[in-house]
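What follows is the content of work-v6.json, which has JSON, C-alpha atoms and all ligand atoms:
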[["chain", "number", "residue", "atom", "x", "y", "z"],
["A", 1, "MET", "CA", 13.98, -13.22, 7.97],
["A", 2, "ARG", "CA", 10.60, -11.62, 7.76],
["A", 3, "LEU", "CA", 9.60, -8.41, 5.98],
["A", 4, "LEU", "CA", 6.50, -6.31, 6.67],
["A", 5, "ILE", "CA", 5.04, -4.72, 3.53],
["A", 6, "ILE", "CA", 2.68, -1.75, 3.83],
["A", 7, "SER", "CA", 1.24, 0.62, 1.24],
["A", 8, "ASP", "CA", -1.20, 3.51, 0.79],
["A", 9, "VAL", "CA", -1.47, 4.58, 4.42],
["A", 10, "HIS", "CA", -2.92, 7.93, 3.25],
["A", 11, "GLY", "CA", -2.70, 9.77, 6.55],
["A", 12, "ASN", "CA", -4.82, 7.23, 8.42],
["A", 13, "LEU", "CA", -3.09, 6.93, 11.79],
["A", 14, "GLU", "CA", -5.65, 4.60, 13.36],
["A", 15, "ALA", "CA", -5.28, 2.08, 10.53],
["A", 16, "LEU", "CA", -1.47, 2.26, 10.65],
["A", 17, "GLU", "CA", -1.38, 1.69, 14.41],
["A", 18, "ALA", "CA", -3.72, -1.31, 14.07],
["A", 19, "VAL", "CA", -1.49, -2.82, 11.38],
["A", 20, "LEU", "CA", 1.68, -2.37, 13.44],
["A", 21, "ALA", "CA", -0.01, -3.88, 16.49],
["A", 22, "ALA", "CA", -1.27, -6.89, 14.53],
["A", 23, "ALA", "CA", 1.85, -7.58, 12.45],
["A", 24, "PRO", "CA", 4.23, -10.30, 13.63],
["A", 25, "ASP", "CA", 7.81, -9.39, 14.57],
["A", 26, "CYS", "CA", 9.64, -8.44, 11.38],
["A", 27, "ASP", "CA", 13.28, -7.75, 10.42],
["A", 28, "GLY", "CA", 12.41, -4.91, 8.06],
["A", 29, "VAL", "CA", 9.59, -2.84, 6.61],
["A", 30, "ALA", "CA", 8.94, -2.00, 2.97],
["A", 31, "ASN", "CA", 6.63, 0.97, 2.41],
["A", 32, "LEU", "CA", 5.22, 1.22, -1.12],
["A", 33, "GLY", "CA", 4.13, 4.85, -0.93],
["A", 34, "ASP", "CA", 1.16, 7.21, -0.65],
["A", 35, "ASN", "CA", 1.85, 7.87, 3.01],
["A", 36, "VAL", "CA", -0.23, 11.04, 2.92],
["A", 37, "GLY", "CA", -3.28, 12.49, 1.15],
["A", 38, "TYR", "CA", -6.98, 11.85, 2.04],
["A", 39, "GLY", "CA", -6.50, 11.20, 5.77],
["A", 40, "ALA", "CA", -6.35, 13.74, 8.58],
["A", 41, "CYS", "CA", -3.04, 12.72, 10.21],
["A", 42, "PRO", "CA", -0.28, 13.32, 7.65],
["A", 43, "ASN", "CA", 2.33, 14.49, 10.15],
["A", 44, "GLU", "CA", 1.63, 11.75, 12.66],
["A", 45, "VAL", "CA", 1.79, 9.10, 9.91],
["A", 46, "VAL", "CA", 5.01, 10.47, 8.40],
["A", 47, "GLU", "CA", 6.67, 10.63, 11.82],
["A", 48, "ARG", "CA", 5.62, 7.02, 12.50],
["A", 49, "VAL", "CA", 6.62, 5.51, 9.14],
["A", 50, "ARG", "CA", 9.98, 7.32, 9.09],
["A", 51, "THR", "CA", 11.05, 5.16, 12.01],
["A", 52, "LEU", "CA", 9.96, 1.93, 10.30],
["A", 53, "GLY", "CA", 12.66, 0.26, 8.25],
["A", 54, "ASP", "CA", 14.47, 1.78, 5.34],
["A", 55, "ILE", "CA", 12.78, 0.54, 2.17],
["A", 56, "PHE", "CA", 10.58, 3.29, 0.75],
["A", 57, "VAL", "CA", 9.01, 4.06, -2.61],
["A", 58, "ARG", "CA", 7.18, 7.30, -3.32],
["A", 59, "GLY", "CA", 3.55, 7.39, -4.42],
["A", 60, "ASN", "CA", 1.65, 9.88, -6.58],
["A", 61, "HIS", "CA", 0.01, 11.43, -3.48],
["A", 62, "ASP", "CA", 3.44, 11.77, -1.84],
["A", 63, "ARG", "CA", 4.53, 13.75, -4.91],
["A", 64, "ALA", "CA", 1.40, 15.89, -5.04],
["A", 65, "CYS", "CA", 1.25, 16.62, -1.31],
["A", 66, "SER", "CA", 4.91, 17.64, -1.18],
["A", 67, "GLY", "CA", 4.59, 19.95, -4.19],
["A", 68, "LEU", "CA", 6.61, 17.80, -6.62],
["A", 69, "SER", "CA", 3.74, 17.43, -9.09],
["A", 70, "ASN", "CA", 0.72, 19.59, -9.87],
["A", 71, "LEU", "CA", -2.81, 18.45, -9.12],
["A", 72, "SER", "CA", -4.16, 18.43, -12.69],
["A", 73, "ASP", "CA", -4.47, 14.61, -12.76],
["A", 74, "PHE", "CA", -6.40, 14.54, -9.47],
["A", 75, "ASN", "CA", -10.19, 14.52, -9.17],
["A", 76, "PRO", "CA", -11.62, 17.51, -7.22],
["A", 77, "THR", "CA", -11.83, 15.61, -3.91],
["A", 78, "ALA", "CA", -8.28, 14.26, -4.15],
["A", 79, "ALA", "CA", -6.96, 17.70, -5.17],
["A", 80, "LEU", "CA", -8.70, 19.35, -2.23],
["A", 81, "ALA", "CA", -7.24, 16.80, 0.17],
["A", 82, "ALA", "CA", -3.78, 17.23, -1.38],
["A", 83, "ARG", "CA", -3.94, 21.02, -0.92],
["A", 84, "TRP", "CA", -5.08, 20.54, 2.69],
["A", 85, "THR", "CA", -2.16, 18.14, 3.24],
["A", 86, "GLN", "CA", 0.36, 20.53, 1.66],
["A", 87, "LEU", "CA", -0.64, 23.14, 4.23],
["A", 88, "ALA", "CA", -0.79, 20.68, 7.14],
["A", 89, "LEU", "CA", 2.64, 19.07, 6.65],
["A", 90, "THR", "CA", 5.52, 20.56, 8.60],
["A", 91, "ASP", "CA", 8.49, 21.71, 6.53],
["A", 92, "GLU", "CA", 10.59, 18.81, 7.76],
["A", 93, "ASN", "CA", 7.92, 16.20, 6.99],
["A", 94, "ARG", "CA", 7.21, 17.74, 3.58],
["A", 95, "ARG", "CA", 10.90, 17.54, 2.75],
["A", 96, "TRP", "CA", 11.08, 13.90, 3.84],
["A", 97, "VAL", "CA", 8.06, 13.01, 1.68],
["A", 98, "ALA", "CA", 9.50, 14.92, -1.31],
["A", 99, "GLU", "CA", 12.77, 12.98, -1.07],
["A", 100, "LEU", "CA", 11.20, 9.50, -1.16],
["A", 101, "PRO", "CA", 12.72, 7.50, -4.04],
["A", 102, "ARG", "CA", 10.94, 6.61, -7.23],
["A", 103, "GLY", "CA", 10.48, 2.88, -7.78],
["A", 104, "PRO", "CA", 11.45, 0.24, -8.63],
["A", 105, "VAL", "CA", 13.51, -0.11, -5.46],
["A", 106, "THR", "CA", 15.52, -3.21, -4.52],
["A", 107, "ASP", "CA", 17.34, -4.08, -1.31],
["A", 108, "ALA", "CA", 20.38, -6.36, -0.90],
["A", 109, "THR", "CA", 18.81, -8.08, 2.12],
["A", 110, "TRP", "CA", 15.73, -9.15, 0.18],
["A", 111, "THR", "CA", 17.05, -10.72, -3.01],
["A", 112, "GLY", "CA", 14.72, -11.48, -5.90],
["A", 113, "ILE", "CA", 12.20, -8.83, -4.88],
["A", 114, "GLN", "CA", 11.44, -5.37, -6.27],
["A", 115, "PHE", "CA", 9.21, -2.73, -4.73],
["A", 116, "VAL", "CA", 7.12, -0.27, -6.80],
["A", 117, "HIS", "CA", 4.14, 2.01, -6.28],
["A", 118, "GLY", "CA", 2.30, 1.60, -9.61],
["A", 119, "SER", "CA", 4.17, -0.67, -12.03],
["A", 120, "PRO", "CA", 7.90, -1.20, -12.69],
["A", 121, "PHE", "CA", 7.70, 1.00, -15.79],
["A", 122, "ASP", "CA", 5.25, 3.69, -14.66],
["A", 123, "GLU", "CA", 4.90, 4.70, -11.03],
["A", 124, "ASP", "CA", 1.38, 6.02, -11.77],
["A", 125, "GLU", "CA", 0.00, 2.94, -13.58],
["A", 126, "TYR", "CA", -2.90, 1.09, -11.96],
["A", 127, "LEU", "CA", -2.36, -2.68, -12.21],
["A", 128, "LEU", "CA", -5.96, -3.85, -12.07],
["A", 129, "SER", "CA", -6.25, -5.93, -15.24],
["A", 130, "GLU", "CA", -4.99, -9.49, -15.50],
["A", 131, "PRO", "CA", -3.77, -9.27, -19.14],
["A", 132, "ILE", "CA", -1.56, -6.29, -18.28],
["A", 133, "VAL", "CA", -0.14, -8.02, -15.20],
["A", 134, "GLU", "CA", 0.40, -11.20, -17.23],
["A", 135, "ARG", "CA", 2.52, -9.32, -19.76],
["A", 136, "LEU", "CA", 4.60, -7.82, -16.94],
["A", 137, "LEU", "CA", 5.02, -11.24, -15.33],
["A", 138, "GLU", "CA", 6.10, -12.83, -18.61],
["A", 139, "THR", "CA", 8.94, -10.35, -19.04],
["A", 140, "SER", "CA", 9.88, -9.52, -15.45],
["A", 141, "PRO", "CA", 13.52, -10.22, -14.62],
["A", 142, "VAL", "CA", 12.61, -10.20, -10.91],
["A", 143, "PRO", "CA", 10.73, -13.16, -9.36],
["A", 144, "VAL", "CA", 8.61, -11.16, -6.91],
["A", 145, "THR", "CA", 7.22, -7.63, -7.31],
["A", 146, "PHE", "CA", 5.32, -5.92, -4.50],
["A", 147, "PHE", "CA", 3.17, -3.03, -5.76],
["A", 148, "GLY", "CA", 0.57, -0.64, -4.37],
["A", 149, "HIS", "CA", -1.49, 2.23, -5.83],
["A", 150, "THR", "CA", -4.72, 0.33, -6.63],
["A", 151, "HIS", "CA", -5.72, -0.16, -2.96],
["A", 152, "VAL", "CA", -6.85, -3.68, -3.92],
["A", 153, "GLN", "CA", -5.24, -6.58, -2.05],
["A", 154, "ILE", "CA", -4.37, -9.37, -4.49],
["A", 155, "GLY", "CA", -1.56, -11.65, -5.59],
["A", 156, "TRP", "CA", -0.93, -12.86, -9.14],
["A", 157, "GLU", "CA", 1.17, -15.92, -9.93],
["A", 158, "LEU", "CA", 2.60, -16.92, -13.31],
["A", 159, "ARG", "CA", 3.57, -20.59, -13.20],
["A", 160, "HIS", "CA", 4.39, -22.74, -16.23],
["A", 161, "GLY", "CA", 2.81, -20.08, -18.44],
["A", 162, "GLU", "CA", -0.49, -20.05, -16.51],
["A", 163, "ILE", "CA", -1.63, -17.00, -14.59],
["A", 164, "SER", "CA", -3.79, -17.27, -11.47],
["A", 165, "ASP", "CA", -4.64, -14.97, -8.60],
["A", 166, "PHE", "CA", -5.11, -15.33, -4.88],
["A", 167, "ARG", "CA", -6.85, -13.15, -2.33],
["A", 168, "LEU", "CA", -8.56, -13.49, 1.02],
["A", 169, "ASP", "CA", -12.15, -14.68, 1.15],
["A", 170, "ARG", "CA", -14.34, -11.90, 2.46],
["A", 171, "GLY", "CA", -14.30, -12.38, 6.23],
["A", 172, "HIS", "CA", -16.16, -10.71, 9.07],
["A", 173, "ARG", "CA", -15.37, -6.99, 9.09],
["A", 174, "ASP", "CA", -14.84, -6.95, 12.88],
["A", 175, "GLU", "CA", -12.29, -9.75, 12.89],
["A", 176, "PRO", "CA", -8.71, -10.09, 11.68],
["A", 177, "GLN", "CA", -7.96, -12.52, 8.90],
["A", 178, "GLN", "CA", -4.89, -13.85, 7.15],
["A", 179, "MET", "CA", -3.84, -16.20, 4.37],
["A", 180, "LYS", "CA", -0.40, -17.70, 3.85],
["A", 181, "VAL", "CA", 0.86, -18.59, 0.37],
["A", 182, "THR", "CA", 4.04, -20.56, -0.31],
["A", 183, "LEU", "CA", 5.87, -19.05, -3.26],
["A", 184, "ASP", "CA", 7.03, -21.46, -5.95],
["A", 185, "PRO", "CA", 10.68, -20.78, -6.89],
["A", 186, "GLU", "CA", 9.78, -21.59, -10.52],
["A", 187, "ALA", "CA", 6.97, -19.01, -10.61],
["A", 188, "ARG", "CA", 6.84, -15.20, -10.74],
["A", 189, "TYR", "CA", 4.61, -13.00, -8.64],
["A", 190, "PHE", "CA", 3.01, -9.54, -8.55],
["A", 191, "ILE", "CA", 1.57, -8.94, -5.10],
["A", 192, "ASN", "CA", -0.37, -5.98, -3.72],
["A", 193, "PRO", "CA", -0.44, -6.00, 0.11],
["A", 194, "GLY", "CA", -3.61, -3.90, 0.05],
["A", 195, "SER", "CA", -4.07, -0.38, 1.38],
["A", 196, "VAL", "CA", -3.52, 0.33, 5.06],
["A", 197, "GLY", "CA", -5.52, 3.54, 5.18],
["A", 198, "GLN", "CA", -8.10, 3.53, 2.37],
["A", 199, "PRO", "CA", -8.98, 0.06, 1.03],
["A", 200, "ARG", "CA", -11.00, 0.03, -2.22],
["A", 201, "ASP", "CA", -11.80, -3.67, -2.58],
["A", 202, "GLY", "CA", -15.04, -3.54, -0.61],
["A", 203, "ASP", "CA", -13.38, -4.64, 2.63],
["A", 204, "PRO", "CA", -12.92, -1.72, 5.06],
["A", 205, "ARG", "CA", -10.27, -3.53, 7.13],
["A", 206, "ALA", "CA", -6.68, -2.35, 6.85],
["A", 207, "GLY", "CA", -4.58, -4.52, 4.52],
["A", 208, "PHE", "CA", -0.92, -5.46, 4.69],
["A", 209, "ALA", "CA", 1.43, -8.37, 3.93],
["A", 210, "THR", "CA", 4.53, -10.12, 5.24],
["A", 211, "TYR", "CA", 7.23, -12.04, 3.36],
["A", 212, "ASP", "CA", 9.28, -14.81, 4.95],
["A", 213, "SER", "CA", 12.56, -15.44, 3.10],
["A", 214, "ALA", "CA", 13.42, -18.71, 4.92],
["A", 215, "GLU", "CA", 10.06, -20.29, 4.17],
["A", 216, "ARG", "CA", 9.75, -18.44, 0.88],
["A", 217, "SER", "CA", 6.17, -17.64, 1.78],
["A", 218, "MET", "CA", 4.04, -14.54, 2.00],
["A", 219, "THR", "CA", 0.94, -13.80, 4.04],
["A", 220, "LEU", "CA", -1.90, -11.39, 3.30],
["A", 221, "TYR", "CA", -3.64, -9.82, 6.31],
["A", 222, "ARG", "CA", -6.76, -7.75, 7.03],
["A", 223, "VAL", "CA", -7.32, -6.16, 10.42],
["A", 224, "PRO", "CA", -10.15, -4.02, 11.79],
["A", 225, "TYR", "CA", -9.20, -0.62, 13.23],
["A", 226, "GLN", "CA", -10.83, 2.35, 14.94],
["A", 227, "LEU", "CA", -12.49, 3.46, 11.73],
["A", 228, "GLU", "CA", -14.97, 5.85, 13.38],
["A", 229, "GLN", "CA", -12.13, 7.76, 14.98],
["A", 230, "ALA", "CA", -10.37, 8.16, 11.62],
["A", 231, "GLN", "CA", -13.69, 9.37, 10.15],
["A", 232, "GLN", "CA", -14.20, 11.90, 12.95],
["A", 233, "ARG", "CA", -10.73, 13.31, 12.40],
["A", 234, "ILE", "CA", -11.46, 13.78, 8.67],
["A", 235, "ILE", "CA", -14.74, 15.58, 9.41],
["A", 236, "HIS", "CA", -13.21, 17.77, 12.14],
["A", 237, "ALA", "CA", -10.34, 18.69, 9.82],
["A", 238, "GLY", "CA", -12.84, 20.07, 7.31],
["A", 239, "LEU", "CA", -11.83, 17.53, 4.65],
["A", 240, "PRO", "CA", -14.57, 16.30, 2.24],
["A", 241, "VAL", "CA", -17.12, 14.13, 4.10],
["A", 242, "ARG", "CA", -16.90, 11.57, 1.29],
["A", 243, "LEU", "CA", -13.35, 10.77, 2.45],
["A", 244, "ALA", "CA", -14.83, 9.68, 5.79],
["A", 245, "SER", "CA", -17.82, 7.73, 4.44],
["A", 246, "ARG", "CA", -15.77, 5.77, 1.90],
["A", 247, "LEU", "CA", -13.62, 4.27, 4.68],
["A", 248, "ALA", "CA", -16.66, 2.37, 6.01],
["A", 249, "GLU", "CA", -17.50, 1.09, 2.53],
["A", 250, "GLY", "CA", -13.96, 0.10, 1.64],
["A", 251, "ARG", "CA", -14.35, 2.08, -1.62],
["B", 301, "ZN", "ZN", -2.91, 5.53, -2.92]]
Written as structure tokens, that's how I'd like the structure from this file.
Amino acid sequence: MRLLIISDVHGNLEALEAVLAAAPDCDGVANLGDNVGYGACPNEVVERVRTLGDIFVRGNHDRACSGLSNLSDFNPTAALAARWTQLALTDENRRWVAELPRGPVTDATWTGIQFVHGSPFDEDEYLLSEPIVERLLETSPVPVTFFGHTHVQIGWELRHGEISDFRLDRGHRDEPQQMKVTLDPEARYFINPGSVGQPRDGDPRAGFATYDSAERSMTLYRVPYQLEQAQQRIIHAGLPVRLASRLAEGR
């Protein structure tokens, strides 16, 4: 059985469609949150992801854009985009976003895996530093954790007390790329599939991952998408121009 893992779509419909077109056939979809905020297609994205699988975790932008949390923690650009999204979302879509569950989420079909937005203990924590991830790996009761929030595609492995990471080599930005990793049953993993709609690791291509339970393997992917169209939508919507330019930089 194969699972598609997506995260941080952020209202970018073009990136989401490219990911779904490029992904192999899967038996389920896990969505690690931040469906909306920043991008110009919140309703279209929500209506698309709602039909995809049934494993969902909420993100901080899902909370903010559905009115569950205030915008005091957001920088001015993020707050402006969140207010724009609050107004743009239909009542039904806003309600669906507001009802997304807080992580960690587990699913009986996918044993030994947990799904979170930030970290298992704090949905808003950014897992960017190896020492912090190492501590979580050392104490995690779950072999594999998929997380989002940082918009940086990376996997960490703790094996025989040694931590290491894996990520894709920087490929050509106009071409798709993938890397398969066989998961050691003795090891523990924290894996970020990357951001679909607003990557921040210097690679503008949409990121996602798949997990294969029979092979006990996972694959990281990057795919190009119609980035200029997503940028045009942001500019036409009157959202901050920076939200369009950063897509091309992958920042
Ligand atoms: Zn995000």
Subject >> Selected residue, from A:Tyr126, A:Trp84, A:Phe56, A:Trp96, that lies nearest to ligand ZN 301 (chain B) when counting all atoms listed in the file >> reply: A:Tyr126
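Among the candidates A:Glu130, A:Asp54, A:Glu175, A:Glu186, the one nearest to Leu100 in chain A when counting only C-alpha atoms is A:Asp54.
Around ligand ZN 301 (chain B), using only C-alpha atoms and all ligand atoms and a cut-off of 6 Å, the residues in contact are Asp8, Asp34 and His149 of chain A.
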Original post:
Which is closest to Pro131 in chain A among A:Tyr225, A:Ala237, A:Leu158, A:Asp107, if we use all atoms listed in the file?
Top reply: A:Leu158
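Take CA of Ser140 in chain A and CA of Tyr211 in chain A: the distance between them is 19.2 Å.
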